[in-house]
Amino acid sequence: MFEQRAKIVLTRRWPQQIERRMAQLGELVVNTTDTPMRPEALRAALLEADVVCPTVTDFMPRELFSDLQPRAKLLANFGVGFNHIDIKAAAAAGIQVTNTPGVLTDATAELALTLMMMSARRTGMGERQVRRDQWLGWSPTHLLGTQVSGKKLGIIGMGRIGTALAHKARHGLGMQIIYNSPSSLDEDAARRLSAQALPLSSLLEQADFVSLHCPAKAETRHLIDHKAFEKMRPHAHLINTARGDIVDEVALVQALKQGQIAGAGLDVYAAEPQLTAGLMELEQVVLLPHMGSATVETRHAMGLRAMENVQALLAQRPLLDPVVKL
Ligand code: DGY
């Protein structure tokens with residue numbers, strides 16, 4: 001199938017070392033502008049290259065694949081989430097999709113923990129005060145947050161990242177873990193984490209912190225909506241390092257304004273990099289720029305894993321991380 005040098009397109013810049021290794025696999029074309037590619041450019045890449053390596057910033061809806069007879073056989077996604085790609089349409093066009101599970105688990109769980117701490121301890125507000133030269137000095141009542149240790153953490157989606165967060169929160173901070181997930185933890189893991197599976201509504205009613213770790217799909221779109229906020233405790237914080245559209249952000253702004261919840265820590269947004277109106281003005285929300293997996297080690301490992309999937313295709317071996325089996 002690949003008698004000639006394979007053509008591989010990277011839609012963004014990758015860590016340099018991995019780019020160099022990818023260049024050894026074939027003719028490498030890198031989008032050196034390092035800005036999201038437009039649909040026409042993505043379609044051209046699918047027509048001209050054997051492998052396209054997209055990221056979360058490349059929207060590949062059904063229309064992108066329609067009436068297409070692509071040369072591409074693989075979308076080796078640089079990232080674990082693949083909700084930006086219409087998998088069915090890609091499959092119908094004969095293109096397999098792989099992702100990079102496993103290698104970004106700890107980095108993302110760490111960021112969820114960071115957001116939980118930041119939101120609970122009002123660190124964003126504190127930092128803004130210091131930087132703006134608005135800090136008037138220590139006082140017994142200045143910027144009082146809420147303690148995290150020993151509190152109840154509700155995890156929605158107990159996959160790799162949810163479980164890693166549960167582990168860090170349970171064993172690092174003595175938090176009580178409750179969770180809601182399509183499949184339950186095995187007995188051993190549930191015992192180690194003292195984790196209790198609950199229906200979503202009970203989790204929302206009980207948790208001091210709710211952290212989202214489910215995939216973005218039709219069933220989870222706006223899972224956290226105005227009804228969910230009504231159930232949450234007024235002192236609770238919502239943490240989202242998964243995908244923006246799991247939360248109805250308009251309802252979130254309203255819930256924060258009305259004091260239905262105390263705060264939120266967000267790393268992902270429905271229309272990145274645009275923010276839903278009202279979010280920016282709220283002091284009690286921590287806003288980060290989709291950086292859950294942004295460590296040198298992790299981005300390196302993600303590149304490597306995507307590369308290994310490309311190598312498997314080129315060597316006509318089974319793909320390591322197909323998101324669906326064709
Ligand atoms: C992921 O891997 O899904 C991260 O969100 C970056 O795409």
# chains A, B, ... in the order shown; residues from 1 in each chain; ligands from 1

call {"tool": "closest_atom_pairs", "arguments": {"of": "chain A", "to": "ligand 1", "cutoff": "9 Å", "atoms": "only C-alpha atoms and all ligand atoms", "output": "CSV"}}
result
residue,atom,partner,partner_atom_place_in_ligand_line,distance
A:Thr55,CA,ligand 1,7 (O),5.9
A:Val56,CA,ligand 1,7 (O),4.5
A:Thr57,CA,ligand 1,7 (O),7.8
A:Asn77,CA,ligand 1,7 (O),8.4
A:Phe78,CA,ligand 1,7 (O),6.7
A:Gly79,CA,ligand 1,2 (O),3.1
A:Val80,CA,ligand 1,2 (O),3.8
A:Gly81,CA,ligand 1,3 (O),3.4
A:Phe82,CA,ligand 1,3 (O),6.7
A:Asn83,CA,ligand 1,3 (O),8.6
A:Asn99,CA,ligand 1,2 (O),7.9
A:Thr100,CA,ligand 1,2 (O),7.0
A:Pro101,CA,ligand 1,2 (O),7.8
A:Leu104,CA,ligand 1,2 (O),7.0
A:Thr108,CA,ligand 1,4 (C),8.4
A:Thr241,CA,ligand 1,5 (O),7.7
A:Ala242,CA,ligand 1,5 (O),6.8
A:Arg243,CA,ligand 1,5 (O),7.3
A:Val268,CA,ligand 1,5 (O),8.0
A:His290,CA,ligand 1,5 (O),6.8
A:Met291,CA,ligand 1,6 (C),7.7
A:Gly292,CA,ligand 1,5 (O),6.6
A:Ser293,CA,ligand 1,4 (C),6.1
A:Ala294,CA,ligand 1,6 (C),8.4
A:Met302,CA,ligand 1,2 (O),8.0

call {"tool": "residues_around", "arguments": {"residues": "A:Leu314", "least_positions_apart": "4", "cutoff": "12 Å", "atoms": "only C-alpha atoms", "output": "list in words"}}
result
Met1, Phe2, Glu3, Gln4, Arg5, Ala6, Lys7, Ile8, Met22, Leu25, Gly26, Asp50, Val51, Ala72, Lys73, Leu74, Ala76, Met307, Glu308, Asn309, Val310, Pro318 and Leu319 of chain A

call {"tool": "closest_residue", "arguments": {"among": "A:Gly162, A:Pro61, A:Gly145, A:Gly303", "to": "A:Asp106", "atoms": "only C-alpha atoms"}}
result
A:Gly162

call {"tool": "select_by_dssp", "arguments": {"residues": "stretch 11-188 of chain A", "states": "strand (DSSP E)", "output": "list of chain:residue names"}}
result
A:Gly26, A:Glu27, A:Leu28, A:Val29, A:Val30, A:Val51, A:Val52, A:Cys53, A:Leu74, A:Leu75, A:Ala76, A:Gln96, A:Val97, A:Thr98, A:Lys152, A:Leu153, A:Gly154, A:Ile155, A:Ile156, A:Gln176, A:Ile177, A:Ile178, A:Tyr179, A:Asn180

call {"tool": "residues_around", "arguments": {"residues": "A:Ala169", "least_positions_apart": "3", "cutoff": "10 Å", "atoms": "only C-alpha atoms", "output": "ChimeraX atom specification"}}
result
/A:109-110,113,148-153,163-166,172-177,193

call {"tool": "write_last_selection", "arguments": {"atoms": "N, CA and C atoms", "output": "PDB file, in the first residue's frame"}}
result
ATOM      1  N   ALA A 109      -5.259  14.938  35.420  1.00  0.00           N
ATOM      2  CA  ALA A 109      -5.758  14.810  36.801  1.00  0.00           C
ATOM      3  C   ALA A 109      -5.105  15.886  37.687  1.00  0.00           C
ATOM      4  N   GLU A 110      -3.822  16.147  37.446  1.00  0.00           N
ATOM      5  CA  GLU A 110      -3.136  17.205  38.211  1.00  0.00           C
ATOM      6  C   GLU A 110      -3.807  18.557  37.979  1.00  0.00           C
ATOM      7  N   LEU A 113      -7.002  18.874  39.844  1.00  0.00           N
ATOM      8  CA  LEU A 113      -6.704  19.132  41.249  1.00  0.00           C
ATOM      9  C   LEU A 113      -6.297  20.605  41.443  1.00  0.00           C
ATOM     10  N   VAL A 148     -10.142  22.072  51.263  1.00  0.00           N
ATOM     11  CA  VAL A 148     -10.415  20.966  50.342  1.00  0.00           C
ATOM     12  C   VAL A 148     -10.257  19.614  51.050  1.00  0.00           C
ATOM     13  N   SER A 149      -9.244  19.516  51.883  1.00  0.00           N
ATOM     14  CA  SER A 149      -8.945  18.242  52.553  1.00  0.00           C
ATOM     15  C   SER A 149     -10.175  17.707  53.280  1.00  0.00           C
ATOM     16  N   GLY A 150     -10.426  16.414  53.089  1.00  0.00           N
ATOM     17  CA  GLY A 150     -11.521  15.755  53.800  1.00  0.00           C
ATOM     18  C   GLY A 150     -12.899  15.975  53.205  1.00  0.00           C
ATOM     19  N   LYS A 151     -12.998  16.819  52.182  1.00  0.00           N
ATOM     20  CA  LYS A 151     -14.324  17.096  51.602  1.00  0.00           C
ATOM     21  C   LYS A 151     -14.739  15.993  50.628  1.00  0.00           C
ATOM     22  N   LYS A 152     -15.985  16.121  50.161  1.00  0.00           N
ATOM     23  CA  LYS A 152     -16.539  15.079  49.288  1.00  0.00           C
ATOM     24  C   LYS A 152     -16.366  15.471  47.814  1.00  0.00           C
ATOM     25  N   LEU A 153     -15.676  14.614  47.089  1.00  0.00           N
ATOM     26  CA  LEU A 153     -15.426  14.875  45.664  1.00  0.00           C
ATOM     27  C   LEU A 153     -16.298  13.967  44.808  1.00  0.00           C
ATOM     28  N   THR A 163     -10.180   8.242  37.600  1.00  0.00           N
ATOM     29  CA  THR A 163      -9.605   7.353  38.616  1.00  0.00           C
ATOM     30  C   THR A 163      -8.294   7.925  39.160  1.00  0.00           C
ATOM     31  N   ALA A 164      -7.487   8.510  38.280  1.00  0.00           N
ATOM     32  CA  ALA A 164      -6.215   9.113  38.745  1.00  0.00           C
ATOM     33  C   ALA A 164      -6.504  10.278  39.686  1.00  0.00           C
ATOM     34  N   LEU A 165      -7.516  11.061  39.352  1.00  0.00           N
ATOM     35  CA  LEU A 165      -7.879  12.178  40.243  1.00  0.00           C
ATOM     36  C   LEU A 165      -8.356  11.638  41.589  1.00  0.00           C
ATOM     37  N   ALA A 166      -9.204  10.593  41.531  1.00  0.00           N
ATOM     38  CA  ALA A 166      -9.721  10.008  42.774  1.00  0.00           C
ATOM     39  C   ALA A 166      -8.567   9.548  43.656  1.00  0.00           C
ATOM     40  N   GLY A 172      -3.979  11.847  48.791  1.00  0.00           N
ATOM     41  CA  GLY A 172      -3.223  13.072  49.065  1.00  0.00           C
ATOM     42  C   GLY A 172      -3.965  14.017  49.992  1.00  0.00           C
ATOM     43  N   LEU A 173      -5.279  14.031  49.862  1.00  0.00           N
ATOM     44  CA  LEU A 173      -6.065  15.041  50.580  1.00  0.00           C
ATOM     45  C   LEU A 173      -7.139  14.433  51.477  1.00  0.00           C
ATOM     46  N   GLY A 174      -7.168  13.125  51.553  1.00  0.00           N
ATOM     47  CA  GLY A 174      -8.156  12.460  52.408  1.00  0.00           C
ATOM     48  C   GLY A 174      -9.590  12.776  52.024  1.00  0.00           C
ATOM     49  N   MET A 175      -9.825  13.012  50.730  1.00  0.00           N
ATOM     50  CA  MET A 175     -11.194  13.344  50.311  1.00  0.00           C
ATOM     51  C   MET A 175     -12.045  12.073  50.233  1.00  0.00           C
ATOM     52  N   GLN A 176     -13.347  12.258  50.397  1.00  0.00           N
ATOM     53  CA  GLN A 176     -14.275  11.133  50.213  1.00  0.00           C
ATOM     54  C   GLN A 176     -14.690  11.132  48.745  1.00  0.00           C
ATOM     55  N   ILE A 177     -14.632   9.970  48.150  1.00  0.00           N
ATOM     56  CA  ILE A 177     -14.893   9.902  46.707  1.00  0.00           C
ATOM     57  C   ILE A 177     -16.266   9.288  46.428  1.00  0.00           C
ATOM     58  N   LEU A 193      -9.977   3.133  46.976  1.00  0.00           N
ATOM     59  CA  LEU A 193     -10.354   4.552  46.914  1.00  0.00           C
ATOM     60  C   LEU A 193     -11.504   4.867  47.864  1.00  0.00           C
TER      61      LEU A 193
END

call {"tool": "closest_residue", "arguments": {"among": "A:Leu212, A:Pro15, A:Ala251, A:Val103", "to": "A:Ala228", "atoms": "only C-alpha atoms"}}
result
A:Ala251

call {"tool": "residues_around", "arguments": {"residues": "A:Ala44", "least_positions_apart": "5", "cutoff": "9 Å", "atoms": "only C-alpha atoms", "output": "PyMOL selection string"}}
result
chain A and resi 39+49+70

call {"tool": "select_by_dssp", "arguments": {"residues": "stretch 182-214 of chain A", "states": "helix (DSSP H, G or I)", "output": "VMD selection string"}}
result
chain A and resid 187 to 193 200 to 206

call {"tool": "residues_around", "arguments": {"residues": "A:Pro36", "least_positions_apart": "3", "cutoff": "8 Å", "atoms": "only C-alpha atoms", "output": "NGL selection string"}}
result
:A and (11-12 or 57-58)

call {"tool": "write_last_selection", "arguments": {"atoms": "N, CA and C atoms", "output": "CSV table (one decimal), in the first residue's frame"}}
result
chain,number,residue,atom,x,y,z
A,11,THR,N,-1.1,19.0,11.5
A,11,THR,CA,-1.9,20.2,11.3
A,11,THR,C,-1.4,21.4,12.3
A,12,ARG,N,-0.6,21.0,13.2
A,12,ARG,CA,0.0,22.0,14.1
A,12,ARG,C,1.5,21.7,14.4
A,57,THR,N,-8.1,21.3,17.8
A,57,THR,CA,-8.5,22.5,17.2
A,57,THR,C,-8.9,22.3,15.7
A,58,ASP,N,-8.8,21.1,15.2
A,58,ASP,CA,-9.3,20.8,13.9
A,58,ASP,C,-10.7,20.2,13.8
